[in-house]
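Coordinates as given in query_34.cif (mmCIF, C-alpha atoms):
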data_model
loop_
_atom_site.label_atom_id
_atom_site.label_comp_id
_atom_site.auth_asym_id
_atom_site.auth_seq_id
_atom_site.Cartn_x
_atom_site.Cartn_y
_atom_site.Cartn_z
CA GLY D 1 29.67 72.01 77.50
CA PRO D 2 26.33 71.79 75.74
CA GLY D 3 26.49 73.71 72.48
CA ALA D 4 30.21 74.38 72.76
CA PRO D 5 32.36 73.50 69.76
CA ALA D 6 34.27 70.28 70.25
CA SER D 7 37.25 71.27 68.15
CA GLY D 8 38.39 73.65 65.43
CA ASN D 9 36.73 75.36 62.45
CA VAL D 10 35.00 78.05 64.53
CA THR D 11 36.15 81.56 63.72
CA GLY D 12 35.52 85.11 64.88
CA SER D 13 36.77 87.73 67.29
CA VAL D 14 35.52 85.97 70.44
CA THR D 15 34.65 82.42 69.44
CA VAL D 16 37.55 81.10 67.40
CA ALA D 17 38.90 77.71 66.50
CA ALA D 18 40.32 75.55 69.26
CA SER D 19 43.43 75.39 67.09
CA GLY D 20 43.65 79.17 67.63
CA LYS D 21 47.34 79.71 67.02
CA ARG D 22 48.96 81.35 64.05
CA PRO D 23 52.26 83.00 63.21
CA GLY D 24 52.64 86.39 64.84
CA SER D 25 52.50 88.22 61.51
CA VAL D 26 51.21 87.13 58.11
CA ASN D 27 50.65 88.81 54.76
CA LEU D 28 47.14 87.90 53.72
CA LYS D 29 47.87 88.75 50.10
CA SER D 30 51.17 86.91 49.73
CA SER D 31 50.95 84.51 46.79
CA SER D 32 53.74 82.39 48.25
CA THR D 33 52.02 81.58 51.54
CA ARG D 34 48.27 81.91 51.05
CA ALA D 35 45.90 78.98 50.87
CA PRO D 36 44.08 78.48 47.56
CA CYS D 37 40.52 79.76 47.21
CA PRO D 38 37.84 78.42 44.86
CA GLY D 39 38.62 79.84 41.45
CA ASP D 40 41.57 81.62 43.05
CA ARG D 41 39.38 84.68 43.68
CA TRP D 42 41.58 85.82 46.54
CA GLU D 43 40.46 89.45 46.77
CA GLU D 44 36.83 88.34 46.68
CA ALA D 45 37.50 85.82 49.45
CA LEU D 46 39.09 88.52 51.62
CA ASP D 47 36.11 90.80 51.08
CA GLN D 48 33.78 87.97 52.07
CA LEU D 49 35.75 87.37 55.25
CA ALA D 50 35.60 91.06 56.11
CA THR D 51 31.81 90.97 55.66
CA THR D 52 31.36 87.76 57.62
CA TYR D 53 33.66 88.81 60.46
CA PRO D 54 33.37 92.59 60.77
CA ASP D 55 35.51 92.60 63.92
CA GLY D 56 38.46 91.55 61.79
CA MET D 57 40.46 88.43 61.08
CA GLY D 58 44.02 89.71 60.77
CA ARG D 59 46.97 90.71 62.90
CA GLY D 60 45.62 94.22 63.47
CA ILE D 61 42.72 93.07 65.64
CA ALA D 62 43.71 91.77 69.07
CA GLY D 63 42.30 88.38 69.95
CA THR D 64 41.45 87.32 66.42
CA ARG D 65 43.10 84.91 64.03
CA ASP D 66 43.03 83.83 60.44
CA PRO D 67 42.10 80.12 60.34
CA ARG D 68 43.97 79.74 57.06
CA TYR D 69 47.26 80.19 58.90
CA PRO D 70 47.56 77.59 61.67
CA VAL D 71 50.92 77.21 63.33
CA GLN D 72 52.66 74.21 61.81
CA SER D 73 55.79 74.17 63.96
CA LEU D 74 55.87 72.64 67.42
CA ASP D 75 58.90 74.82 68.17
CA GLN D 76 56.82 77.91 67.46
CA LEU D 77 54.01 76.72 69.74
CA TYR D 78 56.48 76.24 72.58
CA LEU D 79 58.05 79.64 71.98
CA GLN D 80 54.59 81.19 72.25
CA ALA D 81 53.76 79.13 75.35
CA CYS D 82 56.99 80.16 77.08
CA ALA D 83 56.19 83.83 76.51
CA LEU D 84 52.58 83.46 77.64
CA HIS D 85 53.27 81.27 80.70
CA PRO D 86 54.08 84.01 83.28
CA VAL D 87 51.19 86.18 82.09
CA PHE D 88 48.75 83.29 82.38
CA ILE D 89 50.00 82.44 85.87
CA GLY D 90 49.20 85.96 87.06
CA LEU D 91 45.65 85.72 85.74
CA VAL D 92 45.05 82.27 87.22
CA ARG D 93 46.17 83.48 90.64
CA SER D 94 43.81 86.45 90.47
CA TRP D 95 40.84 84.26 89.46
CA ALA D 96 41.56 81.77 92.23
CA GLY D 97 41.80 84.56 94.78
CA ALA D 98 38.57 86.18 93.64
CA SER D 99 36.56 82.96 93.82
CA GLY D 100 37.95 81.13 96.85
CA GLY D 101 39.84 78.59 94.78
CA LEU D 102 42.97 76.80 95.95
CA LEU D 103 46.35 76.30 94.29
CA SER D 104 48.86 73.48 94.63
CA SER D 105 51.55 73.98 97.24
CA ALA D 106 55.19 74.00 96.24
CA LYS D 107 55.76 71.78 99.28
CA ARG D 108 53.26 69.17 98.19
CA ARG D 109 54.55 65.73 99.03
CA LYS D 110 55.48 63.77 95.91
CA HIS D 111 54.01 60.53 97.17
CA ALA D 112 50.79 61.89 98.62
CA SER D 113 48.04 59.34 98.94
CA THR D 114 44.31 59.94 98.92
CA SER D 115 44.24 59.98 102.72
CA SER D 116 46.83 62.76 102.87
CA LEU D 117 44.39 65.29 101.46
CA THR D 118 41.35 66.88 103.00
CA LEU D 119 38.00 68.26 101.96
CA ASP D 120 38.19 71.01 104.56
CA PRO D 121 39.79 74.16 103.08
CA SER D 122 40.27 75.64 106.55
CA VAL D 123 43.24 73.35 107.10
CA CYS D 124 44.91 74.16 103.78
CA THR D 125 47.96 76.10 104.93
CA ASN D 126 51.15 77.48 103.48
CA ASP D 127 53.59 75.98 105.96
CA GLY D 128 53.91 72.56 104.39
CA SER D 129 53.52 70.83 107.73
CA ALA D 130 53.36 67.05 107.81
CA SER D 131 50.02 66.77 109.61
CA GLU D 132 47.24 65.19 107.60
CA GLY D 133 45.65 67.43 105.00
CA THR D 134 48.07 70.35 105.31
CA GLY D 135 50.74 71.50 102.94
CA ASP D 136 48.90 70.23 99.87
CA MET D 137 46.97 73.37 98.87
CA VAL D 138 47.49 77.07 99.44
CA VAL D 139 45.11 80.02 99.60
CA PRO D 140 46.27 82.42 96.85
CA LYS D 141 45.78 85.61 98.86
CA GLU D 142 47.99 84.28 101.66
CA ALA D 143 50.69 82.55 99.64
CA GLY D 144 53.98 83.92 98.44
CA GLU D 145 55.07 83.13 94.92
CA GLN D 146 57.53 80.56 96.27
CA ASP D 147 54.67 78.75 98.03
CA ILE D 148 52.77 77.88 94.84
CA ARG D 149 53.50 74.90 92.64
CA TRP D 150 52.57 75.97 89.13
CA ALA D 151 52.12 73.45 86.34
CA LYS D 152 54.98 73.30 83.87
CA LEU D 153 54.47 73.39 80.13
CA LYS D 154 53.30 70.11 78.63
CA SER D 155 56.27 67.89 77.84
CA THR D 156 57.34 67.87 74.20
CA GLY D 157 57.10 64.08 74.14
CA ARG D 158 53.45 64.13 75.20
CA ALA D 159 52.65 67.00 72.81
CA ILE D 160 54.08 65.01 69.88
CA GLU D 161 52.24 61.91 71.05
CA LYS D 162 48.95 63.78 71.26
CA ALA D 163 49.39 65.46 67.87
CA VAL D 164 50.12 62.14 66.16
CA ARG D 165 47.52 60.03 67.96
CA SER D 166 44.60 62.46 68.09
CA TYR D 167 45.19 65.13 65.44
CA LYS D 168 46.87 63.33 62.51
CA GLY D 169 50.06 65.31 63.07
CA ASP D 170 48.41 68.75 63.16
CA VAL D 171 50.28 70.41 66.03
CA SER D 172 48.05 73.50 65.87
CA LEU D 173 45.31 71.45 67.54
CA VAL D 174 47.38 70.88 70.69
CA VAL D 175 45.83 73.57 72.87
CA ASP D 176 47.10 72.68 76.34
CA ILE D 177 50.85 73.26 76.16
CA CYS D 178 50.37 76.26 78.45
CA ARG D 179 48.02 75.03 81.19
CA GLN D 180 47.14 75.53 84.84
CA SER D 181 44.51 74.34 87.31
CA ILE D 182 42.52 75.61 90.27
CA VAL D 183 40.96 73.37 92.93
CA PHE D 184 37.63 74.20 94.59
CA PRO D 185 36.25 73.04 97.95
CA ASP D 186 32.68 73.39 96.62
CA LEU D 187 30.92 73.92 93.31
CA ALA D 188 29.66 77.39 94.24
CA LYS D 189 33.26 78.63 94.24
CA LEU D 190 33.93 76.90 90.93
CA VAL D 191 30.94 78.69 89.39
CA ALA D 192 32.16 81.97 90.89
CA CYS D 193 35.51 81.44 89.16
CA ILE D 194 33.85 80.88 85.79
CA LYS D 195 31.92 84.11 86.25
CA ALA D 196 35.13 85.96 87.16
CA ILE D 197 36.80 84.67 84.00
CA GLU D 198 33.77 85.53 81.89
CA ALA D 199 33.84 89.10 83.21
CA ASP D 200 37.60 89.51 82.64
CA GLU D 201 38.15 91.66 79.57
CA ARG D 202 41.70 90.33 79.21
CA VAL D 203 40.58 86.90 78.05
CA ARG D 204 38.50 85.34 75.30
CA VAL D 205 36.94 81.99 76.21
CA LEU D 206 36.94 79.73 73.15
CA ARG D 207 35.60 76.47 74.50
CA VAL D 208 34.25 74.97 77.72
CA LYS D 209 34.45 71.23 78.38
CA ASN D 210 31.96 70.62 81.16
CA ARG D 211 32.78 67.14 82.40
CA LEU D 212 30.64 67.83 85.48
CA ASP D 213 27.51 67.75 83.35
CA PRO D 214 25.41 64.72 84.42
CA SER D 215 25.01 63.80 80.76
CA TYR D 216 28.79 63.58 80.26
CA ASP D 217 29.98 60.01 79.64
CA ASP D 218 32.86 59.71 82.10
CA SER D 219 33.90 56.38 80.61
CA MET D 220 35.62 58.56 78.00
CA SER D 221 37.97 59.93 80.69
CA ALA D 222 38.34 56.92 83.01
CA GLY D 223 35.87 58.49 85.47
CA TYR D 224 37.72 61.80 85.67
CA ARG D 225 35.59 64.96 85.80
CA ASP D 226 36.37 68.68 85.80
CA VAL D 227 35.59 71.84 83.85
CA ALA D 228 38.25 72.71 81.26
CA LEU D 229 38.38 76.10 79.58
CA ASN D 230 40.39 76.92 76.48
CA LEU D 231 41.06 80.62 76.23
CA LEU D 232 43.15 83.41 74.77
CA VAL D 233 44.89 86.09 76.82
CA VAL D 234 44.54 89.43 75.04
CA THR D 235 46.47 92.23 76.72
CA ASP D 236 48.84 94.92 75.51
CA GLU D 237 51.70 92.68 76.63
CA THR D 238 50.53 89.56 74.80
CA VAL D 239 49.74 91.55 71.65
CA ARG D 240 53.19 93.12 71.78
CA MET D 241 54.77 89.65 72.04
CA GLY D 242 52.55 88.24 69.29
CA VAL D 243 51.04 85.51 71.51
CA GLU D 244 47.48 86.81 71.90
CA THR D 245 46.20 83.99 69.69
CA HIS D 246 47.97 81.16 71.51
CA VAL D 247 45.35 78.94 73.16
CA CYS D 248 45.94 77.89 76.76
CA GLU D 249 43.93 75.65 79.07
CA LEU D 250 42.60 76.10 82.59
CA GLN D 251 41.23 73.13 84.54
CA LEU D 252 38.71 73.85 87.32
CA ILE D 253 38.77 70.79 89.58
CA PRO D 254 36.45 69.85 92.46
CA ILE D 255 38.57 68.90 95.45
CA ASP D 256 36.94 65.46 95.58
CA MET D 257 38.45 64.75 92.17
CA HIS D 258 41.74 66.39 93.06
CA ARG D 259 42.14 63.93 95.91
CA LEU D 260 42.39 61.14 93.36
CA LYS D 261 45.18 62.77 91.36
CA THR D 262 48.02 60.82 92.95
CA GLU D 263 51.04 59.43 91.15
CA GLN D 264 49.43 56.00 91.13
CA GLY D 265 46.15 57.40 89.85
CA HIS D 266 47.91 59.31 87.08
CA ALA D 267 49.82 56.18 86.07
CA ARG D 268 46.53 54.32 85.72
CA TYR D 269 45.11 57.14 83.63
CA VAL D 270 48.14 57.08 81.32
CA SER D 271 47.59 53.35 80.82
CA PHE D 272 43.94 54.03 80.00
CA ARG D 273 44.94 56.77 77.56
CA ASN D 274 47.50 54.53 75.88
CA MET D 275 44.95 51.77 75.39
CA ARG D 276 42.72 54.28 73.61
CA ALA D 277 45.68 55.60 71.58
CA GLU D 278 44.97 59.16 72.68
#
With the file now loaded, output its structure as structure tokens.
Amino acid sequence: GPGAPASGNVTGSVTVAASGKRPGSVNLKSSSTRAPCPGDRWEEALDQLATTYPDGMGRGIAGTRDPRYPVQSLDQLYLQACALHPVFIGLVRSWAGASGGLLSSAKRRKHASTSSLTLDPSVCTNDGSASEGTGDMVVPKEAGEQDIRWAKLKSTGRAIEKAVRSYKGDVSLVVDICRQSIVFPDLAKLVACIKAIEADERVRVLRVKNRLDPSYDDSMSAGYRDVALNLLVVTDETVRMGVETHVCELQLIPIDMHRLKTEQGHARYVSFRNMRAE
């Protein structure tokens, strides 16, 4: 969104780099692993960091990271994402339920066309019936876990492709391996979800991509629009697992746009993305 950082190099306890992943434990004073500082004044550099970021930069402060130690292994990113995935799912379900958002049904038809979906949330049911508009979305408060179709982790092939094409091989900048989405029948509910996330002490929002902003150039995304949040999940559980600095992504999608996310539409988007080498 306006004023939000577009990518990395933003540090701190709440607003950190979009690359916000690092090894679970590092020794800031280890001569074998540390990055060089001007004049090699390492102790002085650490003191300066402590002054600049009084909330802390190291492992001891939940939800913070040291930007000098990005994760360099795709395997490590996926290990973190696997551990974070079930925790993130629980949060996404709670935010959707609190704001009137909808989640994808596990019984969603694979070859749904635009006409098979509906703008009326009152007909979004959990029974997966074949009548028009039903079985595609579920209301979180009414759905069992088996009724919800959660997004899987980003494929390794696409993660490698994205790192090479967009980030010059820097895998730490791939911040959507662990991702989910919520669909909204109106923008008021989408805004309510953002407020619920903002008020949730278990998360740190790092970046907001507001593709619904009228000033956004949708030619950059083949006409696609949503609100995408990159965030950290900071709980006792994630700190214990060492994944509280793994960045995940949540897409907040107006149902009008969701209607266009068919297999054919996605194939066209992939072609667009390939032409742009993204």
Given the file above and the PyMOL selection byres ((chain D and resi 146) around 12), which residues are selected, and can you give them as a JSON list (two decimals) with C-alpha atoms, in the coordinates of the input?
[["chain", "number", "residue", "atom", "x", "y", "z"],
["D", 104, "SER", "CA", 48.86, 73.48, 94.63],
["D", 105, "SER", "CA", 51.55, 73.98, 97.24],
["D", 106, "ALA", "CA", 55.19, 74.00, 96.24],
["D", 107, "LYS", "CA", 55.76, 71.78, 99.28],
["D", 126, "ASN", "CA", 51.15, 77.48, 103.48],
["D", 127, "ASP", "CA", 53.59, 75.98, 105.96],
["D", 128, "GLY", "CA", 53.91, 72.56, 104.39],
["D", 138, "VAL", "CA", 47.49, 77.07, 99.44],
["D", 140, "PRO", "CA", 46.27, 82.42, 96.85],
["D", 142, "GLU", "CA", 47.99, 84.28, 101.66],
["D", 143, "ALA", "CA", 50.69, 82.55, 99.64],
["D", 144, "GLY", "CA", 53.98, 83.92, 98.44],
["D", 145, "GLU", "CA", 55.07, 83.13, 94.92],
["D", 147, "ASP", "CA", 54.67, 78.75, 98.03],
["D", 148, "ILE", "CA", 52.77, 77.88, 94.84],
["D", 149, "ARG", "CA", 53.50, 74.90, 92.64],
["D", 150, "TRP", "CA", 52.57, 75.97, 89.13]]
*Measuring atom to atom with all atoms listed in the file, identify which of D:Met137, D:Val171, D:Ile177, D:Leu252 is nearest to Arg211 (chain D).*
D:Leu252
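The space between CA of Leu102 (chain D) and CA of Lys195 (chain D) spans 16.4 Å.
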*asked:* For this structure, which residues satisfy the selection - the PyMOL selection byres ((chain D and resi 270-276) around 12) - when it is evaluated on the file as given? I want them as a PyMOL selection string.
replied: chain D and resi 158+161-162+165-166+219-224+261+263-269+277-278
Save out the residues we just selected, C-alpha atoms, as an mmCIF file, keeping the file's coordinate frame.
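Just written: out.cif:
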data_model
loop_
_atom_site.group_PDB
_atom_site.id
_atom_site.type_symbol
_atom_site.label_atom_id
_atom_site.label_comp_id
_atom_site.auth_asym_id
_atom_site.auth_seq_id
_atom_site.Cartn_x
_atom_site.Cartn_y
_atom_site.Cartn_z
ATOM 1 C CA ARG D 158 53.450 64.130 75.200
ATOM 2 C CA GLU D 161 52.240 61.910 71.050
ATOM 3 C CA LYS D 162 48.950 63.780 71.260
ATOM 4 C CA ARG D 165 47.520 60.030 67.960
ATOM 5 C CA SER D 166 44.600 62.460 68.090
ATOM 6 C CA SER D 219 33.900 56.380 80.610
ATOM 7 C CA MET D 220 35.620 58.560 78.000
ATOM 8 C CA SER D 221 37.970 59.930 80.690
ATOM 9 C CA ALA D 222 38.340 56.920 83.010
ATOM 10 C CA GLY D 223 35.870 58.490 85.470
ATOM 11 C CA TYR D 224 37.720 61.800 85.670
ATOM 12 C CA LYS D 261 45.180 62.770 91.360
ATOM 13 C CA GLU D 263 51.040 59.430 91.150
ATOM 14 C CA GLN D 264 49.430 56.000 91.130
ATOM 15 C CA GLY D 265 46.150 57.400 89.850
ATOM 16 C CA HIS D 266 47.910 59.310 87.080
ATOM 17 C CA ALA D 267 49.820 56.180 86.070
ATOM 18 C CA ARG D 268 46.530 54.320 85.720
ATOM 19 C CA TYR D 269 45.110 57.140 83.630
ATOM 20 C CA ALA D 277 45.680 55.600 71.580
ATOM 21 C CA GLU D 278 44.970 59.160 72.680
#
_Could you check the closest approach to Glu198 (chain D) for each of D:Phe88, D:Trp95, D:Phe184, D:Tyr167 and tell me which residue wins, using all atoms listed in the file?_
D:Trp95
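From CA of Val243 (chain D) back to CA of Ser181 (chain D), the distance works out to 20.4 Å.
Proximity to Arg202 (chain D) was assessed for D:Pro86, D:Val239, D:Pro214, D:Lys189 counting only C-alpha atoms; the smallest distance is recorded for D:Val239.
Compared by their closest atoms to Gly90 (chain D), and using only C-alpha atoms, the residues D:Val247, D:Val233, D:Met241, D:Leu206 rank with D:Val233 nearest.
With only C-alpha atoms as the atoms that count, the minimum distance from Ile160 (chain D) to the choices D:Leu190, D:Val203, D:Cys82, D:Leu173 is reached by D:Leu173.
Using all atoms listed in the file, the nearest neighbour of Ser94 (chain D) within the list D:Thr245, D:Leu229, D:Ser73, D:Ile197 is D:Ile197.
Within 9 Å of the point (44.6, 71.9, 84.3), counting only C-alpha atoms, the protein and nucleic acid residues come to D:Ala151, D:Asp176, D:Arg179, D:Gln180, D:Ser181, D:Ile182, D:Asp226, D:Ala228, D:Leu229, D:Glu249, D:Leu250, D:Gln251, D:Leu252, D:Ile253.
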Mind dumping the selected residues with C-alpha atoms as a PDB file, in the frame of the given file?
ATOM      1  CA  ALA D 151      52.120  73.450  86.340  1.00  0.00           C
ATOM      2  CA  ASP D 176      47.100  72.680  76.340  1.00  0.00           C
ATOM      3  CA  ARG D 179      48.020  75.030  81.190  1.00  0.00           C
ATOM      4  CA  GLN D 180      47.140  75.530  84.840  1.00  0.00           C
ATOM      5  CA  SER D 181      44.510  74.340  87.310  1.00  0.00           C
ATOM      6  CA  ILE D 182      42.520  75.610  90.270  1.00  0.00           C
ATOM      7  CA  ASP D 226      36.370  68.680  85.800  1.00  0.00           C
ATOM      8  CA  ALA D 228      38.250  72.710  81.260  1.00  0.00           C
ATOM      9  CA  LEU D 229      38.380  76.100  79.580  1.00  0.00           C
ATOM     10  CA  GLU D 249      43.930  75.650  79.070  1.00  0.00           C
ATOM     11  CA  LEU D 250      42.600  76.100  82.590  1.00  0.00           C
ATOM     12  CA  GLN D 251      41.230  73.130  84.540  1.00  0.00           C
ATOM     13  CA  LEU D 252      38.710  73.850  87.320  1.00  0.00           C
ATOM     14  CA  ILE D 253      38.770  70.790  89.580  1.00  0.00           C
TER      15      ILE D 253
END
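Coordinates place CA of Cys248 (chain D) at a distance of 10.6 Å from CA of Arg204 (chain D).
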_as a PyMOL selection string, please: the residues near Ala98 (chain D) (cut-off 9 Å, all atoms listed in the file, same-chain neighbours under 4 positions excluded)._
chain D and resi 93-94+141+192-193+196
Let me see the file: selected residues, C-alpha atoms, as a PDB file, in the frame of the given file.
ATOM      1  CA  ARG D  93      46.170  83.480  90.640  1.00  0.00           C
ATOM      2  CA  SER D  94      43.810  86.450  90.470  1.00  0.00           C
ATOM      3  CA  LYS D 141      45.780  85.610  98.860  1.00  0.00           C
ATOM      4  CA  ALA D 192      32.160  81.970  90.890  1.00  0.00           C
ATOM      5  CA  CYS D 193      35.510  81.440  89.160  1.00  0.00           C
ATOM      6  CA  ALA D 196      35.130  85.960  87.160  1.00  0.00           C
TER       7      ALA D 196
END
